[in-house]
Amino acid sequence: MIEQPGTATVKTVSLDSAYVAITCAALLYAVSWVMGCSAAPSHNSGGGKKPASSHELNRRRDEEKALTAISGRRLTVEKMAQRAATSLQFSNEEYGVAFDAPKGYLLREGELPSMDRGLGYLGPIPMHFAEPGGIRLATVEPPQGLHLGTNFVNEFFTVSAHYGSTGAFCADFNIPAESRGAPVARNVDGRDFHGFAEYSAASMHEYNGIYLHAYSNDTCYEIGYGVATAGFSGSSGGATSGSSNNLKNINPESQLHKLERILENVHINPPEFERNTAD
């Protein structure tokens, strides 16, 4: 282009260059707006509530921890109280047997552990069914340390059952003839139980017990209770004979009478499967 004298110079601007500049400016504005929105705090979250301070959050956490600790402690105490209230009550729905053990004694369900005190050197607490197949339901024993300063070893009250037996089978016992004492009869929950007193002594230990059987619901029920002592004390009290220790003797007959009181709250009902069949 030839410029004429006195004429303003006119520069031609390319539209493509102007479009690029406008586009870049728009993009920069958009990016700045988006970043500003994302960085700005939200005043509407949580229903417009003011965010809690760190002090308030710590206080809430401490309160929640305290409530959790109190709830856990209260639950533990309640469970312990419940166990204490029910630990002396035995009930077996399968065989329909229930009874209450003396307060302070130990109630063991099922078979006894190998470390059980039993009859001392005279062996474990026996079952006296004539044939194998009996099941021990529960056993009551005193806590350790009972009758300190005496010749006391252990005492027990045990209940067992033999299902599928007969009346003739139930009338028999595997008590050796030399250990059998006088015949014994007791009425337990309206059922007549019959059995024998038994006695044995060896290895400076003495055992006095009573075992009873009754047949009902196709089941032979066995109840046994006895006392084991060290030495041969008889029942007269005084110093233990056959022992160098001056220990007071436990009267076995007196202990047997105490154990016999448990019979007063033994209950025998039809087994669970028979009750369900009857319904």
# chains A, B, ... in the order shown; residues from 1 in each chain; ligands from 1

call {"tool": "select_by_dssp", "arguments": {"residues": "region 76-270 of chain A", "states": "helix (DSSP H, G or I)", "output": "ChimeraX atom specification"}}
result
/A:76-86,120-122,167-170,177-179,252-265

call {"tool": "closest_atom_pairs", "arguments": {"of": "region 147-190 of chain A", "to": "region 249-257 of chain A", "cutoff": "10 Å", "atoms": "only C-alpha atoms", "output": "Markdown table"}}
result
| residue | atom | partner | partner_atom | distance |
| --- | --- | --- | --- | --- |
| A:His147 | CA | A:Ile250 | CA | 8.3 |
| A:Gly149 | CA | A:Asn249 | CA | 9.0 |
| A:Thr150 | CA | A:Asn249 | CA | 5.6 |
| A:Asn151 | CA | A:Asn249 | CA | 5.5 |
| A:Phe152 | CA | A:Ile250 | CA | 6.1 |
| A:Val153 | CA | A:Ile250 | CA | 9.6 |
| A:Glu155 | CA | A:Gln255 | CA | 8.0 |
| A:Phe156 | CA | A:Leu256 | CA | 9.3 |
| A:Phe157 | CA | A:Leu256 | CA | 9.5 |

call {"tool": "closest_residue", "arguments": {"among": "A:Thr166, A:Thr219, A:Asn265, A:Thr158", "to": "Arg108 (chain A)", "atoms": "only C-alpha atoms"}}
result
A:Thr158

call {"tool": "residues_around", "arguments": {"residues": "region 90-96 of chain A", "least_positions_apart": "4", "cutoff": "9 Å", "atoms": "only C-alpha atoms", "output": "PyMOL selection string"}}
result
chain A and resi 86+100-101+107+109+137-138+161+163+219+267-273

call {"tool": "closest_residue", "arguments": {"among": "A:Glu64, A:Asp192, A:Asp218, A:Glu198", "to": "Asn174 (chain A)", "atoms": "only C-alpha atoms"}}
result
A:Glu198

call {"tool": "select_by_dssp", "arguments": {"residues": "region 190-273 of chain A", "states": "strand (DSSP E or B)", "output": "number ranges by chain"}}
result
A: 191-202, 205-216, 219-230, 239, 248, 267-268

call {"tool": "closest_residue", "arguments": {"among": "A:Ala168, A:Ile125, A:Leu263, A:Gly120", "to": "Met204 (chain A)", "atoms": "only C-alpha atoms"}}
result
A:Gly120

call {"tool": "atom_distance", "arguments": {"atom1": "CA of Gly133 (chain A)", "atom2": "CA of His162 (chain A)"}}
result
6.3 Å
